[in-house]
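Q: One file: protein_9.txt (compact mmCIF, N, CA and C atoms).
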```txt
# COMPACT_ATOMS: atom_id res chain seq x y z
N MET A 27 -33.22 60.49 24.73
CA MET A 27 -31.96 60.12 24.11
C MET A 27 -32.08 58.79 23.38
N SER A 28 -32.77 57.80 23.98
CA SER A 28 -32.85 56.48 23.37
C SER A 28 -33.54 56.54 22.00
N ASN A 29 -34.46 57.52 21.80
CA ASN A 29 -35.12 57.68 20.50
C ASN A 29 -34.09 58.02 19.43
N GLN A 30 -33.14 58.88 19.78
CA GLN A 30 -32.12 59.29 18.83
C GLN A 30 -31.02 58.25 18.69
N LEU A 31 -30.74 57.53 19.75
CA LEU A 31 -29.66 56.56 19.76
C LEU A 31 -29.98 55.33 18.91
N ALA A 32 -31.23 54.90 18.93
CA ALA A 32 -31.62 53.67 18.24
C ALA A 32 -31.31 53.67 16.74
N PRO A 33 -31.64 54.72 15.98
CA PRO A 33 -31.33 54.67 14.53
C PRO A 33 -29.84 54.57 14.24
N VAL A 34 -29.02 55.26 15.02
CA VAL A 34 -27.58 55.22 14.81
C VAL A 34 -27.06 53.83 15.14
N GLN A 35 -27.54 53.27 16.25
CA GLN A 35 -27.13 51.91 16.64
C GLN A 35 -27.56 50.89 15.58
N GLN A 36 -28.74 51.07 15.02
CA GLN A 36 -29.23 50.15 13.98
C GLN A 36 -28.35 50.23 12.74
N LEU A 37 -27.98 51.43 12.35
CA LEU A 37 -27.09 51.59 11.19
C LEU A 37 -25.76 50.90 11.44
N LEU A 38 -25.18 51.13 12.60
CA LEU A 38 -23.89 50.50 12.93
C LEU A 38 -24.03 48.98 12.99
N ALA A 39 -25.13 48.49 13.58
CA ALA A 39 -25.35 47.05 13.68
C ALA A 39 -25.53 46.42 12.31
N SER A 40 -26.21 47.14 11.40
CA SER A 40 -26.43 46.59 10.06
C SER A 40 -25.14 46.50 9.26
N ARG A 41 -24.14 47.27 9.65
CA ARG A 41 -22.85 47.26 8.94
C ARG A 41 -21.73 46.71 9.80
N LYS A 42 -22.11 45.95 10.81
CA LYS A 42 -21.15 45.38 11.75
C LYS A 42 -20.12 44.51 11.03
N GLY A 43 -20.56 43.75 10.04
CA GLY A 43 -19.65 42.89 9.29
C GLY A 43 -18.57 43.68 8.57
N GLU A 44 -18.95 44.82 7.99
CA GLU A 44 -17.98 45.67 7.30
C GLU A 44 -16.95 46.22 8.28
N LEU A 45 -17.45 46.65 9.44
CA LEU A 45 -16.53 47.17 10.47
C LEU A 45 -15.58 46.07 10.94
N ALA A 46 -16.12 44.87 11.15
CA ALA A 46 -15.30 43.74 11.63
C ALA A 46 -14.17 43.43 10.66
N LYS A 47 -14.43 43.54 9.37
CA LYS A 47 -13.40 43.25 8.37
C LYS A 47 -12.26 44.27 8.42
N MET A 48 -12.56 45.49 8.87
CA MET A 48 -11.56 46.54 8.90
C MET A 48 -10.68 46.47 10.15
N LEU A 49 -11.20 45.85 11.21
CA LEU A 49 -10.47 45.81 12.47
C LEU A 49 -9.30 44.83 12.42
N PRO A 50 -8.20 45.15 13.10
CA PRO A 50 -7.12 44.18 13.22
C PRO A 50 -7.58 43.01 14.11
N GLU A 51 -6.88 41.90 14.03
CA GLU A 51 -7.27 40.69 14.75
C GLU A 51 -7.33 40.87 16.26
N ASN A 52 -6.52 41.77 16.81
CA ASN A 52 -6.47 41.93 18.27
C ASN A 52 -7.65 42.74 18.83
N ILE A 53 -8.49 43.31 17.98
CA ILE A 53 -9.66 44.06 18.45
C ILE A 53 -10.92 43.31 18.02
N LYS A 54 -11.71 42.91 18.99
CA LYS A 54 -12.96 42.19 18.72
C LYS A 54 -14.06 43.20 18.38
N ILE A 55 -14.90 42.83 17.42
CA ILE A 55 -15.96 43.73 16.97
C ILE A 55 -16.92 44.10 18.10
N ASP A 56 -17.20 43.18 19.02
CA ASP A 56 -18.13 43.50 20.11
C ASP A 56 -17.58 44.60 21.02
N SER A 57 -16.29 44.54 21.34
CA SER A 57 -15.72 45.58 22.20
C SER A 57 -15.63 46.91 21.44
N PHE A 58 -15.36 46.85 20.14
CA PHE A 58 -15.32 48.06 19.33
C PHE A 58 -16.72 48.70 19.27
N GLU A 59 -17.72 47.86 19.06
CA GLU A 59 -19.10 48.35 19.00
C GLU A 59 -19.53 48.98 20.34
N ARG A 60 -19.14 48.35 21.45
CA ARG A 60 -19.44 48.91 22.78
C ARG A 60 -18.78 50.29 22.95
N ALA A 61 -17.55 50.40 22.49
CA ALA A 61 -16.84 51.68 22.60
C ALA A 61 -17.56 52.77 21.79
N ILE A 62 -18.04 52.43 20.62
CA ILE A 62 -18.77 53.41 19.80
C ILE A 62 -20.07 53.80 20.50
N ASN A 63 -20.79 52.81 21.02
CA ASN A 63 -22.03 53.12 21.73
C ASN A 63 -21.77 53.99 22.95
N ASN A 64 -20.68 53.72 23.66
CA ASN A 64 -20.32 54.56 24.81
C ASN A 64 -20.00 55.99 24.36
N ALA A 65 -19.31 56.12 23.24
CA ALA A 65 -18.99 57.45 22.71
C ALA A 65 -20.27 58.20 22.36
N LEU A 66 -21.23 57.50 21.78
CA LEU A 66 -22.51 58.12 21.44
C LEU A 66 -23.27 58.57 22.68
N MET A 67 -23.22 57.77 23.72
CA MET A 67 -23.93 58.12 24.95
C MET A 67 -23.23 59.24 25.71
N ARG A 68 -21.88 59.28 25.66
CA ARG A 68 -21.13 60.34 26.34
C ARG A 68 -21.29 61.69 25.65
N ASN A 69 -21.38 61.67 24.33
CA ASN A 69 -21.48 62.91 23.56
C ASN A 69 -22.79 62.88 22.78
N GLN A 70 -23.84 63.35 23.40
CA GLN A 70 -25.16 63.28 22.78
C GLN A 70 -25.28 64.14 21.53
N ASP A 71 -24.38 65.10 21.35
CA ASP A 71 -24.39 65.90 20.12
C ASP A 71 -24.15 65.02 18.89
N LEU A 72 -23.47 63.90 19.07
CA LEU A 72 -23.24 62.98 17.95
C LEU A 72 -24.54 62.43 17.41
N LEU A 73 -25.56 62.35 18.27
CA LEU A 73 -26.85 61.82 17.84
C LEU A 73 -27.57 62.75 16.89
N ASN A 74 -27.16 64.02 16.86
CA ASN A 74 -27.74 65.00 15.95
C ASN A 74 -26.96 65.11 14.65
N CYS A 75 -25.91 64.34 14.54
CA CYS A 75 -25.08 64.35 13.33
C CYS A 75 -25.68 63.48 12.25
N ASP A 76 -25.26 63.73 11.03
CA ASP A 76 -25.61 62.87 9.91
C ASP A 76 -25.16 61.44 10.24
N GLN A 77 -26.08 60.48 10.15
CA GLN A 77 -25.78 59.11 10.56
C GLN A 77 -24.65 58.49 9.74
N LEU A 78 -24.61 58.80 8.46
CA LEU A 78 -23.53 58.23 7.64
C LEU A 78 -22.17 58.78 8.05
N SER A 79 -22.13 60.01 8.54
CA SER A 79 -20.85 60.55 9.00
C SER A 79 -20.39 59.84 10.27
N VAL A 80 -21.35 59.42 11.11
CA VAL A 80 -21.00 58.65 12.31
C VAL A 80 -20.42 57.31 11.88
N TYR A 81 -21.07 56.67 10.91
CA TYR A 81 -20.56 55.38 10.41
C TYR A 81 -19.18 55.56 9.78
N ASP A 82 -19.02 56.61 8.99
CA ASP A 82 -17.73 56.86 8.34
C ASP A 82 -16.62 57.07 9.37
N ALA A 83 -16.93 57.82 10.43
CA ALA A 83 -15.95 58.04 11.50
C ALA A 83 -15.59 56.71 12.17
N ALA A 84 -16.60 55.86 12.41
CA ALA A 84 -16.34 54.55 13.01
C ALA A 84 -15.48 53.69 12.08
N MET A 85 -15.76 53.74 10.79
CA MET A 85 -15.00 52.96 9.81
C MET A 85 -13.54 53.42 9.76
N ARG A 86 -13.31 54.70 9.78
CA ARG A 86 -11.94 55.21 9.76
C ARG A 86 -11.18 54.81 11.02
N CYS A 87 -11.88 54.83 12.13
CA CYS A 87 -11.29 54.41 13.40
C CYS A 87 -10.90 52.93 13.32
N ALA A 88 -11.81 52.12 12.79
CA ALA A 88 -11.54 50.68 12.64
C ALA A 88 -10.35 50.44 11.71
N GLN A 89 -10.28 51.17 10.61
CA GLN A 89 -9.18 51.02 9.66
C GLN A 89 -7.83 51.27 10.33
N ASP A 90 -7.81 52.24 11.24
CA ASP A 90 -6.56 52.55 11.94
C ASP A 90 -6.32 51.62 13.13
N GLY A 91 -7.31 50.78 13.46
CA GLY A 91 -7.15 49.86 14.58
C GLY A 91 -7.16 50.54 15.93
N LEU A 92 -7.90 51.64 16.02
CA LEU A 92 -7.97 52.40 17.26
C LEU A 92 -9.38 52.34 17.85
N ILE A 93 -9.46 52.37 19.16
CA ILE A 93 -10.73 52.32 19.87
C ILE A 93 -11.18 53.77 20.15
N PRO A 94 -12.43 54.12 19.83
CA PRO A 94 -12.91 55.49 20.09
C PRO A 94 -13.29 55.68 21.56
N ASP A 95 -12.29 55.64 22.43
CA ASP A 95 -12.51 55.69 23.87
C ASP A 95 -12.07 57.01 24.50
N GLY A 96 -11.65 57.95 23.68
CA GLY A 96 -11.16 59.23 24.20
C GLY A 96 -9.69 59.21 24.54
N LYS A 97 -9.08 58.03 24.53
CA LYS A 97 -7.64 57.91 24.76
C LYS A 97 -6.93 57.64 23.44
N GLU A 98 -7.35 56.58 22.75
CA GLU A 98 -6.73 56.24 21.47
C GLU A 98 -7.31 57.08 20.34
N ALA A 99 -8.61 57.29 20.38
CA ALA A 99 -9.29 58.03 19.33
C ALA A 99 -10.59 58.60 19.89
N ALA A 100 -11.17 59.52 19.13
CA ALA A 100 -12.46 60.11 19.51
C ALA A 100 -13.29 60.32 18.25
N ILE A 101 -14.57 60.34 18.45
CA ILE A 101 -15.49 60.74 17.38
C ILE A 101 -16.09 62.05 17.86
N VAL A 102 -15.81 63.11 17.12
CA VAL A 102 -16.20 64.45 17.54
C VAL A 102 -17.18 65.06 16.55
N VAL A 103 -17.84 66.12 16.97
CA VAL A 103 -18.83 66.82 16.16
C VAL A 103 -18.22 68.07 15.57
N TYR A 104 -18.51 68.31 14.31
CA TYR A 104 -18.16 69.60 13.73
C TYR A 104 -19.34 70.05 12.88
N GLY A 105 -19.48 71.34 12.76
CA GLY A 105 -20.60 71.90 12.00
C GLY A 105 -20.21 72.15 10.56
N GLY A 106 -20.83 71.42 9.68
CA GLY A 106 -20.59 71.63 8.25
C GLY A 106 -21.65 72.56 7.68
N LYS A 107 -21.54 72.88 6.42
CA LYS A 107 -22.51 73.76 5.78
C LYS A 107 -23.89 73.12 5.70
N GLN A 108 -23.93 71.80 5.67
CA GLN A 108 -25.21 71.10 5.59
C GLN A 108 -25.56 70.40 6.90
N GLY A 109 -25.17 70.97 8.02
CA GLY A 109 -25.52 70.41 9.32
C GLY A 109 -24.34 69.79 10.03
N LYS A 110 -24.64 69.23 11.18
CA LYS A 110 -23.59 68.63 12.00
C LYS A 110 -23.14 67.30 11.43
N LYS A 111 -21.84 67.08 11.51
CA LYS A 111 -21.24 65.83 11.04
C LYS A 111 -20.32 65.30 12.13
N ALA A 112 -20.13 63.99 12.11
CA ALA A 112 -19.19 63.34 13.02
C ALA A 112 -17.86 63.18 12.30
N GLN A 113 -16.79 63.28 13.05
CA GLN A 113 -15.46 63.16 12.46
C GLN A 113 -14.57 62.34 13.39
N TYR A 114 -13.82 61.44 12.79
CA TYR A 114 -12.84 60.62 13.51
C TYR A 114 -11.62 61.47 13.81
N GLN A 115 -11.15 61.37 15.05
CA GLN A 115 -9.96 62.13 15.45
C GLN A 115 -9.03 61.22 16.26
N PRO A 116 -7.89 60.83 15.71
CA PRO A 116 -6.94 60.04 16.50
C PRO A 116 -6.35 60.90 17.60
N MET A 117 -6.13 60.30 18.75
CA MET A 117 -5.55 61.00 19.90
C MET A 117 -4.08 60.59 20.00
N ILE A 118 -3.33 61.26 20.85
CA ILE A 118 -1.89 61.01 20.94
C ILE A 118 -1.59 59.56 21.32
N ASP A 119 -2.36 58.96 22.23
CA ASP A 119 -2.12 57.55 22.59
C ASP A 119 -2.32 56.65 21.38
N GLY A 120 -3.31 56.97 20.56
CA GLY A 120 -3.56 56.18 19.36
C GLY A 120 -2.46 56.33 18.32
N VAL A 121 -1.97 57.55 18.16
CA VAL A 121 -0.87 57.80 17.22
C VAL A 121 0.37 57.04 17.67
N LEU A 122 0.67 57.12 18.96
CA LEU A 122 1.83 56.39 19.48
C LEU A 122 1.65 54.88 19.34
N LYS A 123 0.45 54.39 19.55
CA LYS A 123 0.16 52.96 19.38
C LYS A 123 0.45 52.53 17.95
N ARG A 124 -0.01 53.33 16.99
CA ARG A 124 0.22 52.99 15.58
C ARG A 124 1.70 53.03 15.23
N VAL A 125 2.42 54.00 15.77
CA VAL A 125 3.86 54.10 15.50
C VAL A 125 4.58 52.88 16.05
N ARG A 126 4.22 52.49 17.29
CA ARG A 126 4.86 51.31 17.89
C ARG A 126 4.56 50.05 17.10
N GLN A 127 3.32 49.91 16.65
CA GLN A 127 2.92 48.71 15.91
C GLN A 127 3.48 48.64 14.51
N SER A 128 3.95 49.78 14.00
CA SER A 128 4.49 49.79 12.63
C SER A 128 5.76 48.97 12.49
N GLY A 129 6.52 48.86 13.58
CA GLY A 129 7.78 48.14 13.52
C GLY A 129 8.92 48.97 12.96
N ILE A 130 8.64 50.16 12.55
CA ILE A 130 9.66 51.03 11.97
C ILE A 130 10.44 51.75 13.08
N VAL A 131 9.73 52.14 14.13
CA VAL A 131 10.34 52.88 15.24
C VAL A 131 10.60 51.92 16.39
N THR A 132 11.79 51.97 16.94
CA THR A 132 12.12 51.07 18.05
C THR A 132 12.00 51.76 19.40
N ASN A 133 12.07 53.09 19.42
CA ASN A 133 12.01 53.81 20.69
C ASN A 133 11.38 55.17 20.49
N ILE A 134 10.49 55.54 21.43
CA ILE A 134 9.89 56.87 21.44
C ILE A 134 10.09 57.44 22.84
N SER A 135 10.63 58.63 22.91
CA SER A 135 10.79 59.25 24.23
C SER A 135 10.61 60.75 24.10
N GLY A 136 10.31 61.37 25.22
CA GLY A 136 10.15 62.82 25.24
C GLY A 136 10.77 63.39 26.49
N LYS A 137 11.10 64.64 26.46
CA LYS A 137 11.69 65.28 27.63
C LYS A 137 10.85 66.43 28.06
```
Please express what this file holds, its structure, as structure tokens.

A:
Amino acid sequence: MSNQLAPVQQLLASRKGELAKMLPENIKIDSFERAINNALMRNQDLLNCDQLSVYDAAMRCAQDGLIPDGKEAAIVVYGGKQGKKAQYQPMIDGVLKRVRQSGIVTNISGK
């Protein structure tokens, strides 16, 4: 696994500055990077994905200010015509977090 993990980690590390610029102030780049690495280790199929798609999924997650921890957001695998790709997927906790932070909604409840 470490053979496959290293190139993806190197790509993410080389673009760490770009990711940091996309994150909101309340999320530190080191904790975001750890969450991505944990996601890669938990779902080894991501290591077989196109590396740029993994980076793109991480960038989209950062833009939304969500952590890819399986609660706020996830990075998942889907099979495209040209091989496996990674895709950013916001989760319900992440959607609710964004709604609350928008300042537009004052109350969310369900029955």

Q: Between A:Val125, A:Ile134, A:Leu31, A:Ile55, single out the one closest to Arg68 of chain A, counting only C-alpha atoms.

A: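 Nearest candidate to Arg68 of chain A out of A:Val125, A:Ile134, A:Leu31, A:Ile55: A:Leu31.
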
Q: Would you mind listing what lies within 8 Å of Lys110 of chain A as a list in words, with all atoms listed in the file counted and same-chain residues fewer than 3 positions away left out?

A: Asp71, Leu72, Asn74, Cys75, Asp76, Gln77, Ser79, Val103, Tyr104, Gly105, Gly106, Lys107 and Gln113 of chain A

Q: Any chance you can output those residues with N, CA and C atoms as a PDB file, in the coordinates of the input?

A:
```
ATOM      1  N   ASP A  71     -24.380  65.100  21.350  1.00  0.00           N
ATOM      2  CA  ASP A  71     -24.390  65.900  20.120  1.00  0.00           C
ATOM      3  C   ASP A  71     -24.150  65.020  18.890  1.00  0.00           C
ATOM      4  N   LEU A  72     -23.470  63.900  19.070  1.00  0.00           N
ATOM      5  CA  LEU A  72     -23.240  62.980  17.950  1.00  0.00           C
ATOM      6  C   LEU A  72     -24.540  62.430  17.410  1.00  0.00           C
ATOM      7  N   ASN A  74     -27.160  64.020  16.860  1.00  0.00           N
ATOM      8  CA  ASN A  74     -27.740  65.000  15.950  1.00  0.00           C
ATOM      9  C   ASN A  74     -26.960  65.110  14.650  1.00  0.00           C
ATOM     10  N   CYS A  75     -25.910  64.340  14.540  1.00  0.00           N
ATOM     11  CA  CYS A  75     -25.080  64.350  13.330  1.00  0.00           C
ATOM     12  C   CYS A  75     -25.680  63.480  12.250  1.00  0.00           C
ATOM     13  N   ASP A  76     -25.260  63.730  11.030  1.00  0.00           N
ATOM     14  CA  ASP A  76     -25.610  62.870   9.910  1.00  0.00           C
ATOM     15  C   ASP A  76     -25.160  61.440  10.240  1.00  0.00           C
ATOM     16  N   GLN A  77     -26.080  60.480  10.150  1.00  0.00           N
ATOM     17  CA  GLN A  77     -25.780  59.110  10.560  1.00  0.00           C
ATOM     18  C   GLN A  77     -24.650  58.490   9.740  1.00  0.00           C
ATOM     19  N   SER A  79     -22.130  60.010   8.540  1.00  0.00           N
ATOM     20  CA  SER A  79     -20.850  60.550   9.000  1.00  0.00           C
ATOM     21  C   SER A  79     -20.390  59.840  10.270  1.00  0.00           C
ATOM     22  N   VAL A 103     -17.840  66.120  16.970  1.00  0.00           N
ATOM     23  CA  VAL A 103     -18.830  66.820  16.160  1.00  0.00           C
ATOM     24  C   VAL A 103     -18.220  68.070  15.570  1.00  0.00           C
ATOM     25  N   TYR A 104     -18.510  68.310  14.310  1.00  0.00           N
ATOM     26  CA  TYR A 104     -18.160  69.600  13.730  1.00  0.00           C
ATOM     27  C   TYR A 104     -19.340  70.050  12.880  1.00  0.00           C
ATOM     28  N   GLY A 105     -19.480  71.340  12.760  1.00  0.00           N
ATOM     29  CA  GLY A 105     -20.600  71.900  12.000  1.00  0.00           C
ATOM     30  C   GLY A 105     -20.210  72.150  10.560  1.00  0.00           C
ATOM     31  N   GLY A 106     -20.830  71.420   9.680  1.00  0.00           N
ATOM     32  CA  GLY A 106     -20.590  71.630   8.250  1.00  0.00           C
ATOM     33  C   GLY A 106     -21.650  72.560   7.680  1.00  0.00           C
ATOM     34  N   LYS A 107     -21.540  72.880   6.420  1.00  0.00           N
ATOM     35  CA  LYS A 107     -22.510  73.760   5.780  1.00  0.00           C
ATOM     36  C   LYS A 107     -23.890  73.120   5.700  1.00  0.00           C
ATOM     37  N   GLN A 113     -16.790  63.280  13.050  1.00  0.00           N
ATOM     38  CA  GLN A 113     -15.460  63.160  12.460  1.00  0.00           C
ATOM     39  C   GLN A 113     -14.570  62.340  13.390  1.00  0.00           C
TER      40      GLN A 113
END
```

Q: Just to confirm, what's the straight-line distance from atom N of Leu49 of chain A to atom CA of Lys97 of chain A in Å (one decimal)?

A: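 Going from atom N of Leu49 of chain A over to atom CA of Lys97 of chain A covers 18.5 Å.
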
Q: Near Ala46 of chain A, counting only C-alpha atoms, which residues have an atom at most 12 Å away, once you skip same-chain residues fewer than 2 positions from it, shown as a PyMOL selection string?

A: chain A and resi 38-44+48-59+84-85+87-89+91

Q: Among segment 57-125 of chain A, which ones does DSSP place in strand (DSSP E), written as a short mmCIF file (atom, residue, chain, number, x, y, z; two decimals) with N, CA and C atoms, keeping the file's coordinate frame?

A:
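Final file, out.cif:
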```cif
data_model
loop_
_atom_site.label_atom_id
_atom_site.label_comp_id
_atom_site.auth_asym_id
_atom_site.auth_seq_id
_atom_site.Cartn_x
_atom_site.Cartn_y
_atom_site.Cartn_z
N ALA A 99 -8.61 57.29 20.38
CA ALA A 99 -9.29 58.03 19.33
C ALA A 99 -10.59 58.60 19.89
N ALA A 100 -11.17 59.52 19.13
CA ALA A 100 -12.46 60.11 19.51
C ALA A 100 -13.29 60.32 18.25
N ILE A 101 -14.57 60.34 18.45
CA ILE A 101 -15.49 60.74 17.38
C ILE A 101 -16.09 62.05 17.86
N VAL A 102 -15.81 63.11 17.12
CA VAL A 102 -16.20 64.45 17.54
C VAL A 102 -17.18 65.06 16.55
N VAL A 103 -17.84 66.12 16.97
CA VAL A 103 -18.83 66.82 16.16
C VAL A 103 -18.22 68.07 15.57
N TYR A 104 -18.51 68.31 14.31
CA TYR A 104 -18.16 69.60 13.73
C TYR A 104 -19.34 70.05 12.88
N GLY A 105 -19.48 71.34 12.76
CA GLY A 105 -20.60 71.90 12.00
C GLY A 105 -20.21 72.15 10.56
N GLY A 106 -20.83 71.42 9.68
CA GLY A 106 -20.59 71.63 8.25
C GLY A 106 -21.65 72.56 7.68
N GLY A 109 -25.17 70.97 8.02
CA GLY A 109 -25.52 70.41 9.32
C GLY A 109 -24.34 69.79 10.03
N LYS A 110 -24.64 69.23 11.18
CA LYS A 110 -23.59 68.63 12.00
C LYS A 110 -23.14 67.30 11.43
N LYS A 111 -21.84 67.08 11.51
CA LYS A 111 -21.24 65.83 11.04
C LYS A 111 -20.32 65.30 12.13
N ALA A 112 -20.13 63.99 12.11
CA ALA A 112 -19.19 63.34 13.02
C ALA A 112 -17.86 63.18 12.30
N GLN A 113 -16.79 63.28 13.05
CA GLN A 113 -15.46 63.16 12.46
C GLN A 113 -14.57 62.34 13.39
N TYR A 114 -13.82 61.44 12.79
CA TYR A 114 -12.84 60.62 13.51
C TYR A 114 -11.62 61.47 13.81
N GLN A 115 -11.15 61.37 15.05
CA GLN A 115 -9.96 62.13 15.45
C GLN A 115 -9.03 61.22 16.26
N PRO A 116 -7.89 60.83 15.71
CA PRO A 116 -6.94 60.04 16.50
C PRO A 116 -6.35 60.90 17.60
#
```

Q: So for segment 68-74 of chain A, what box centre and size do we get, axis-aligned, 8 Å extra on each of the six sides, every listed atom, Å to one decimal, as JSON?

A:
```
{"center_x": -24.4, "center_y": 62.6, "center_z": 20.5, "size_x": 22.6, "size_y": 22.6, "size_z": 27.7}
```

Q: Which residues in chain A does DSSP call helix (DSSP H, G or I)? List them as an MDAnalysis selection string.

A: chainID A and resid 28:40 42:48 55:68 70:74 77:90 118:128

Q: Would you mind telling me which residue in A:Ala100, A:Leu122, A:Val80, A:Ala65 lies nearest to Val34 of chain A when using all atoms listed in the file?

A: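 Smallest separation from Val34 of chain A among the options: A:Val80.
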
Q: Compare A:Ile130, A:Ala99, A:Leu78, A:Arg86 by their minimum atom-to-atom distance to Pro116 of chain A, counting all atoms listed in the file, and give me the closest one.

A: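 Distance minimum relative to Pro116 of chain A lands on A:Ala99.
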
Q: Name the closest residue to Gly96 of chain A among the candidates A:Ala61, A:Ala32, A:Ala83, A:Ala112; distances are taken between atoms, counting only C-alpha atoms.

A: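 Of A:Ala61, A:Ala32, A:Ala83, A:Ala112, the one nearest Gly96 of chain A, counting only C-alpha atoms, is A:Ala61.
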
Q: As an exercise, work out the distance from atom CA of Asp95 of chain A to atom CA of Asn133 of chain A in Å and give it to one decimal place.

A: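 One can read the atom CA of Asp95 of chain A to atom CA of Asn133 of chain A distance as 24.8 Å.
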
Q: Report, in Å with one decimal, the straight-line distance from atom N of Lys47 of chain A to atom CA of Val131 of chain A.

A: 27.1 Å
